[in-house]
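Below: protein.cif (mmCIF, C-alpha atoms)
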data_upload
loop_
_atom_site.group_PDB
_atom_site.id
_atom_site.type_symbol
_atom_site.label_atom_id
_atom_site.label_comp_id
_atom_site.auth_asym_id
_atom_site.auth_seq_id
_atom_site.Cartn_x
_atom_site.Cartn_y
_atom_site.Cartn_z
ATOM 1 C CA MET A 1 104.648 160.307 218.876
ATOM 2 C CA GLU A 2 104.057 158.203 215.785
ATOM 3 C CA THR A 3 104.291 161.283 213.555
ATOM 4 C CA LEU A 4 107.671 162.097 215.080
ATOM 5 C CA LEU A 5 108.884 158.544 214.444
ATOM 6 C CA ILE A 6 107.743 158.732 210.821
ATOM 7 C CA ILE A 7 109.474 162.086 210.293
ATOM 8 C CA LEU A 8 112.659 160.788 211.914
ATOM 9 C CA ALA A 9 112.559 157.625 209.794
ATOM 10 C CA ILE A 10 112.290 159.704 206.613
ATOM 11 C CA VAL A 11 115.088 162.041 207.752
ATOM 12 C CA PHE A 12 117.298 159.060 208.639
ATOM 13 C CA GLY A 13 116.598 157.546 205.204
ATOM 14 C CA ILE A 14 117.481 160.762 203.363
ATOM 15 C CA VAL A 15 120.575 161.422 205.490
ATOM 16 C CA GLY A 16 121.568 157.789 204.990
ATOM 17 C CA LEU A 17 121.341 158.181 201.228
ATOM 18 C CA ALA A 18 123.432 161.378 201.407
ATOM 19 C CA GLY A 19 125.893 159.561 203.654
ATOM 20 C CA SER A 20 126.451 157.034 200.904
ATOM 21 C CA VAL A 21 128.415 159.739 199.108
ATOM 22 C CA LEU A 22 129.616 161.948 201.967
ATOM 23 C CA PRO A 23 132.301 160.220 204.054
ATOM 24 C CA VAL A 24 131.488 162.201 207.215
ATOM 25 C CA LEU A 25 128.019 160.637 207.514
ATOM 26 C CA PRO A 26 127.460 156.953 208.327
ATOM 27 C CA GLY A 27 125.119 156.373 205.371
ATOM 28 C CA PRO A 28 124.065 152.719 205.512
ATOM 29 C CA PRO A 29 123.689 152.614 209.331
ATOM 30 C CA MET A 30 121.548 155.783 209.206
ATOM 31 C CA SER A 31 119.339 154.238 206.534
ATOM 32 C CA PHE A 32 118.951 151.067 208.573
ATOM 33 C CA GLY A 33 118.157 153.164 211.657
ATOM 34 C CA GLY A 34 115.316 154.818 209.753
ATOM 35 C CA LEU A 35 113.918 151.417 208.894
ATOM 36 C CA LEU A 36 114.126 150.364 212.542
ATOM 37 C CA LEU A 37 112.284 153.520 213.625
ATOM 38 C CA LEU A 38 109.333 152.497 211.462
ATOM 39 C CA LEU A 39 109.077 149.227 213.380
ATOM 40 C CA LEU A 40 107.855 151.276 216.341
ATOM 41 C CA CYS A 41 104.915 152.629 214.336
ATOM 42 C CA GLU A 42 101.463 151.085 214.262
ATOM 43 C CA GLY A 43 100.598 149.751 210.834
ATOM 44 C CA ALA A 44 104.172 149.321 209.583
ATOM 45 C CA HIS A 45 104.412 146.349 207.256
ATOM 46 C CA ILE A 46 108.033 145.401 207.774
ATOM 47 C CA GLY A 47 108.618 141.760 208.493
ATOM 48 C CA SER A 48 111.425 140.330 210.552
ATOM 49 C CA THR A 49 112.815 138.663 207.437
ATOM 50 C CA SER A 50 113.145 142.064 205.756
ATOM 51 C CA ILE A 51 114.898 143.475 208.813
ATOM 52 C CA TRP A 52 117.330 140.558 208.953
ATOM 53 C CA ILE A 53 118.088 140.797 205.232
ATOM 54 C CA ALA A 54 118.639 144.557 205.552
ATOM 55 C CA ALA A 55 120.913 143.957 208.574
ATOM 56 C CA ILE A 56 122.966 141.329 206.729
ATOM 57 C CA PHE A 57 123.365 143.637 203.741
ATOM 58 C CA LEU A 58 124.297 146.467 206.119
ATOM 59 C CA ALA A 59 127.117 144.315 207.486
ATOM 60 C CA ILE A 60 128.282 143.351 203.987
ATOM 61 C CA VAL A 61 128.168 146.953 202.721
ATOM 62 C CA SER A 62 129.992 148.251 205.801
ATOM 63 C CA ILE A 63 132.770 145.673 205.507
ATOM 64 C CA LEU A 64 133.042 146.224 201.756
ATOM 65 C CA ASP A 65 133.307 149.984 202.309
ATOM 66 C CA TYR A 66 136.526 149.528 204.283
ATOM 67 C CA VAL A 67 138.012 146.520 202.513
ATOM 68 C CA ALA A 68 137.376 147.184 198.794
ATOM 69 C CA PRO A 69 139.511 150.334 198.314
ATOM 70 C CA ILE A 70 142.424 148.722 200.146
ATOM 71 C CA TRP A 71 141.966 145.473 198.245
ATOM 72 C CA PHE A 72 141.815 147.259 194.868
ATOM 73 C CA THR A 73 144.931 149.273 195.747
ATOM 74 C CA ASN A 74 146.799 146.158 196.879
ATOM 75 C CA LEU A 75 145.716 144.287 193.742
ATOM 76 C CA CYS A 76 148.042 146.414 191.651
ATOM 77 C CA GLY A 77 150.828 146.564 194.231
ATOM 78 C CA GLY A 78 149.922 149.853 195.852
ATOM 79 C CA SER A 79 151.623 151.008 199.014
ATOM 80 C CA LYS A 80 150.168 152.032 202.353
ATOM 81 C CA GLN A 81 150.977 155.617 201.412
ATOM 82 C CA SER A 82 148.594 155.425 198.456
ATOM 83 C CA THR A 83 145.815 154.064 200.672
ATOM 84 C CA ARG A 84 146.357 156.832 203.212
ATOM 85 C CA GLY A 85 146.662 159.389 200.430
ATOM 86 C CA SER A 86 143.330 158.269 199.002
ATOM 87 C CA MET A 87 141.591 158.772 202.358
ATOM 88 C CA ILE A 88 143.238 162.152 202.903
ATOM 89 C CA GLY A 89 142.378 163.172 199.339
ATOM 90 C CA MET A 90 138.737 162.246 199.909
ATOM 91 C CA LEU A 91 138.495 164.396 203.035
ATOM 92 C CA VAL A 92 140.385 167.340 201.533
ATOM 93 C CA GLY A 93 138.326 167.114 198.352
ATOM 94 C CA LEU A 94 135.095 167.055 200.330
ATOM 95 C CA PHE A 95 135.830 170.232 202.254
ATOM 96 C CA VAL A 96 137.957 172.201 199.794
ATOM 97 C CA PHE A 97 136.381 171.426 196.399
ATOM 98 C CA PRO A 98 132.883 170.016 196.950
ATOM 99 C CA PRO A 99 131.290 168.134 195.220
ATOM 100 C CA TRP A 100 133.917 167.365 192.551
ATOM 101 C CA GLY A 101 136.696 167.141 195.118
ATOM 102 C CA LEU A 102 134.953 164.127 196.585
ATOM 103 C CA ILE A 103 135.402 162.332 193.271
ATOM 104 C CA ILE A 104 138.828 163.645 192.284
ATOM 105 C CA GLY A 105 140.337 163.788 195.801
ATOM 106 C CA PRO A 106 140.794 160.027 196.337
ATOM 107 C CA PHE A 107 142.443 159.681 192.936
ATOM 108 C CA VAL A 108 144.858 162.585 193.488
ATOM 109 C CA GLY A 109 145.583 161.456 197.049
ATOM 110 C CA ALA A 110 146.387 157.891 195.982
ATOM 111 C CA PHE A 111 148.552 159.178 193.138
ATOM 112 C CA LEU A 112 150.534 161.509 195.415
ATOM 113 C CA GLY A 113 150.813 158.818 198.094
ATOM 114 C CA GLU A 114 152.299 156.412 195.584
ATOM 115 C CA ILE A 115 154.716 159.071 194.313
ATOM 116 C CA VAL A 116 155.813 159.611 197.935
ATOM 117 C CA ALA A 117 156.429 155.851 198.141
ATOM 118 C CA HIS A 118 159.096 156.372 195.439
ATOM 119 C CA ASN A 119 157.252 154.836 192.517
ATOM 120 C CA THR A 120 157.109 155.952 188.929
ATOM 121 C CA THR A 121 154.265 158.085 187.660
ATOM 122 C CA GLY A 122 153.012 155.177 185.538
ATOM 123 C CA LYS A 123 152.742 152.884 188.552
ATOM 124 C CA ALA A 124 151.279 155.714 190.650
ATOM 125 C CA PHE A 125 148.629 156.363 187.993
ATOM 126 C CA LYS A 126 147.692 152.655 187.874
ATOM 127 C CA VAL A 127 147.416 152.491 191.672
ATOM 128 C CA ALA A 128 145.369 155.713 191.735
ATOM 129 C CA MET A 129 142.980 154.321 189.107
ATOM 130 C CA MET A 130 142.463 151.129 191.097
ATOM 131 C CA SER A 131 141.931 153.073 194.310
ATOM 132 C CA PHE A 132 139.427 155.278 192.504
ATOM 133 C CA LEU A 133 137.673 152.189 191.122
ATOM 134 C CA GLY A 134 137.355 150.790 194.662
ATOM 135 C CA PHE A 135 135.920 154.112 195.846
ATOM 136 C CA VAL A 136 133.391 154.219 192.991
ATOM 137 C CA LEU A 137 132.376 150.602 193.582
ATOM 138 C CA THR A 138 131.761 151.057 197.300
ATOM 139 C CA THR A 139 129.972 154.364 196.778
ATOM 140 C CA GLY A 140 127.695 152.712 194.217
ATOM 141 C CA VAL A 141 126.925 149.796 196.526
ATOM 142 C CA LYS A 142 126.125 152.196 199.399
ATOM 143 C CA LEU A 143 123.874 154.266 197.117
ATOM 144 C CA VAL A 144 121.942 151.185 196.047
ATOM 145 C CA TYR A 145 121.557 150.068 199.671
ATOM 146 C CA GLY A 146 120.461 153.540 200.804
ATOM 147 C CA GLY A 147 118.054 153.859 197.878
ATOM 148 C CA VAL A 148 116.416 150.501 198.556
ATOM 149 C CA ILE A 149 116.034 151.269 202.269
ATOM 150 C CA LEU A 150 114.644 154.749 201.530
ATOM 151 C CA PHE A 151 112.160 153.153 199.126
ATOM 152 C CA MET A 152 111.105 150.716 201.854
ATOM 153 C CA ILE A 153 110.688 153.590 204.322
ATOM 154 C CA ILE A 154 108.594 155.691 201.925
ATOM 155 C CA ARG A 155 106.477 152.707 200.898
ATOM 156 C CA ASN A 156 105.737 151.930 204.546
ATOM 157 C CA VAL A 157 104.996 155.566 205.389
ATOM 158 C CA ILE A 158 102.450 155.627 202.554
ATOM 159 C CA GLN A 159 100.925 152.380 203.838
ATOM 160 C CA ILE A 160 100.739 153.794 207.370
ATOM 161 C CA ALA A 161 99.143 156.997 206.102
ATOM 162 C CA PHE A 162 96.417 155.148 204.200
ATOM 163 C CA SER A 163 95.682 152.428 206.750
#
Can the structure in the file be given as structure tokens, please?
Amino acid sequence: METLLIILAIVFGIVGLAGSVLPVLPGPPMSFGGLLLLLLCEGAHIGSTSIWIAAIFLAIVSILDYVAPIWFTNLCGGSKQSTRGSMIGMLVGLFVFPPWGLIIGPFVGAFLGEIVAHNTTGKAFKVAMMSFLGFVLTTGVKLVYGGVILFMIIRNVIQIAFS
């Protein structure tokens, strides 16, 4: 049973890291789930303080993931159409032009959304850049979180294996 928990924890950690980039996977929660699975193993050296800190950062990262792109878009006067366009562009880019579509899609979607909102191309480009910046920022934060949690999982698996 413990071997299954360890394998699942590693899989959750890897899928969580992938989910930091892929919008269809809940990256940070998956990573945190992998860490929680290790708590059920004998010999895991994860303290309650580490779990609480990881949970607090999970909440911060999750909130930031939804708020930052909207906030960045609103900072430069973007419309709701640009925010929706960015989300649609991310999904279309993911499935139609992977992996580059995932990067370019939000930008193109925000740009087209702002054009639909009857703005000039200059304003649409500025809004698209800010939306893209919000996407890059949140993706980077999720990658760091997923990487740290995966490191903690692997470190604990090694400790369990040699204890």
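Pairwise distance (CA of Gly77 in chain A, CA of Leu137 in chain A) equals 18.9 Å.
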task = Please evaluate the PyMOL selection byres ((chain A and resi 48-52) around 10) against the structure above and give the resulting residues as a list in words.
result = Phe32, Leu35, Leu36, Leu39, His45, Ile46, Gly47, Ile53, Ala54, Ala55, Ile56, Phe57, Leu58 and Met152 of chain A
Just C-alpha atoms for this one: save the residues we selected as a PDB file, in the frame of the given file.
ATOM      1  CA  PHE A  32     118.951 151.067 208.573  1.00  0.00           C
ATOM      2  CA  LEU A  35     113.918 151.417 208.894  1.00  0.00           C
ATOM      3  CA  LEU A  36     114.126 150.364 212.542  1.00  0.00           C
ATOM      4  CA  LEU A  39     109.077 149.227 213.380  1.00  0.00           C
ATOM      5  CA  HIS A  45     104.412 146.349 207.256  1.00  0.00           C
ATOM      6  CA  ILE A  46     108.033 145.401 207.774  1.00  0.00           C
ATOM      7  CA  GLY A  47     108.618 141.760 208.493  1.00  0.00           C
ATOM      8  CA  ILE A  53     118.088 140.797 205.232  1.00  0.00           C
ATOM      9  CA  ALA A  54     118.639 144.557 205.552  1.00  0.00           C
ATOM     10  CA  ALA A  55     120.913 143.957 208.574  1.00  0.00           C
ATOM     11  CA  ILE A  56     122.966 141.329 206.729  1.00  0.00           C
ATOM     12  CA  PHE A  57     123.365 143.637 203.741  1.00  0.00           C
ATOM     13  CA  LEU A  58     124.297 146.467 206.119  1.00  0.00           C
ATOM     14  CA  MET A 152     111.105 150.716 201.854  1.00  0.00           C
TER      15      MET A 152
END
Using all atoms listed in the file, what table do you get, as JSON lines, when you list each residue of range 56-89 of chain A with an atom no more than 8 Å from range 100-109 of chain A, its nearest pair of atoms, and their distance in Å rounded to one decimal, rows by chain then rising number?
{"residue": "A:Ser82", "atom": "CA", "partner": "A:Gly109", "partner_atom": "CA", "distance": 6.9}
{"residue": "A:Arg84", "atom": "CA", "partner": "A:Gly109", "partner_atom": "CA", "distance": 7.7}
{"residue": "A:Gly85", "atom": "CA", "partner": "A:Gly109", "partner_atom": "CA", "distance": 4.1}
{"residue": "A:Ser86", "atom": "CA", "partner": "A:Pro106", "partner_atom": "CA", "distance": 4.1}
{"residue": "A:Met87", "atom": "CA", "partner": "A:Pro106", "partner_atom": "CA", "distance": 6.2}
{"residue": "A:Ile88", "atom": "CA", "partner": "A:Gly109", "partner_atom": "CA", "distance": 6.3}
{"residue": "A:Gly89", "atom": "CA", "partner": "A:Gly105", "partner_atom": "CA", "distance": 4.1}
Restricting it to C-alpha atoms, dump the selection as a tab-separated table (two decimals), in the frame of the given file.
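Done, and the output landed in result.tsv:
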chain	number	residue	atom	x	y	z
A	82	SER	CA	148.59	155.43	198.46
A	84	ARG	CA	146.36	156.83	203.21
A	85	GLY	CA	146.66	159.39	200.43
A	86	SER	CA	143.33	158.27	199.00
A	87	MET	CA	141.59	158.77	202.36
A	88	ILE	CA	143.24	162.15	202.90
A	89	GLY	CA	142.38	163.17	199.34
key: Residues returned when the PyMOL selection byres ((chain A and resi 142) around 12) runs on this file, as a ChimeraX atom specification   = /A:16-23,25-32,57-66,135-141,143-150
request  = Kindly resolve the PyMOL selection byres ((chain A and resi 5-9) around 10) on the present coordinates and return the residues as a list in words.
outcome  =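 So the PyMOL selection byres ((chain A and resi 5-9) around 10) ends up selecting Met1, Glu2, Thr3, Leu4, Ile10, Val11, Phe12, Gly13, Ile14, Val15, Met30, Ser31, Phe32, Gly33, Gly34, Leu35, Leu36, Leu37, Leu38, Leu39, Leu40, Cys41, Leu150, Ile153, Ile154, Asn156, Val157, Ile160 and Ala161 of chain A.
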Restricting it to C-alpha atoms, dump the selection as a compact mmCIF listing (two decimals), in the coordinates of the input.
# COMPACT_ATOMS: atom_id res chain seq x y z
CA MET A 1 104.65 160.31 218.88
CA GLU A 2 104.06 158.20 215.78
CA THR A 3 104.29 161.28 213.56
CA LEU A 4 107.67 162.10 215.08
CA ILE A 10 112.29 159.70 206.61
CA VAL A 11 115.09 162.04 207.75
CA PHE A 12 117.30 159.06 208.64
CA GLY A 13 116.60 157.55 205.20
CA ILE A 14 117.48 160.76 203.36
CA VAL A 15 120.58 161.42 205.49
CA MET A 30 121.55 155.78 209.21
CA SER A 31 119.34 154.24 206.53
CA PHE A 32 118.95 151.07 208.57
CA GLY A 33 118.16 153.16 211.66
CA GLY A 34 115.32 154.82 209.75
CA LEU A 35 113.92 151.42 208.89
CA LEU A 36 114.13 150.36 212.54
CA LEU A 37 112.28 153.52 213.62
CA LEU A 38 109.33 152.50 211.46
CA LEU A 39 109.08 149.23 213.38
CA LEU A 40 107.86 151.28 216.34
CA CYS A 41 104.92 152.63 214.34
CA LEU A 150 114.64 154.75 201.53
CA ILE A 153 110.69 153.59 204.32
CA ILE A 154 108.59 155.69 201.92
CA ASN A 156 105.74 151.93 204.55
CA VAL A 157 105.00 155.57 205.39
CA ILE A 160 100.74 153.79 207.37
CA ALA A 161 99.14 157.00 206.10
note = Of A:Pro69, A:Gly43, A:Gly78, A:Pro98, the one nearest to Val127 in chain A when counting all atoms listed in the file is A:Gly78
ask   = Of the candidates A:Phe125, A:Phe132, A:Phe151, A:Phe111, which shows the shortest atom-to-atom distance to Lys80 in chain A, using all atoms listed in the file?
value =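 Among A:Phe125, A:Phe132, A:Phe151, A:Phe111, it is A:Phe111 that comes nearest to Lys80 in chain A.
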Distance criterion (all atoms listed in the file): nearest to Gln81 in chain A out of A:Ile115, A:Leu94, A:Val67, A:Pro99 = A:Ile115
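Restricting the calculation to all atoms listed in the file, the smallest distance between Val92 in chain A and any of A:Val24, A:Ser163, A:Ala44, A:Gly122 is found for A:Val24.
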ask   = How many Å separate CA of Phe72 in chain A from CA of Ser131 in chain A?
value =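 Spanning CA of Phe72 in chain A to CA of Ser131 in chain A is a straight-line distance of 5.8 Å.
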key: CA of Ala117 in chain A to CA of Ala68 in chain A, distance in Å rounded to a single decimal   =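 It comes out at 20.9 Å.
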Could you work out an axis-aligned box for range 35-39 of chain A, taking every atom the file lists and adding 3 Å on each side, and report centre and edge lengths in Å to one decimal, as AutoDock Vina command-line options?
--center_x 111.6 --center_y 151.4 --center_z 211.3 --size_x 11.0 --size_y 10.3 --size_z 10.7
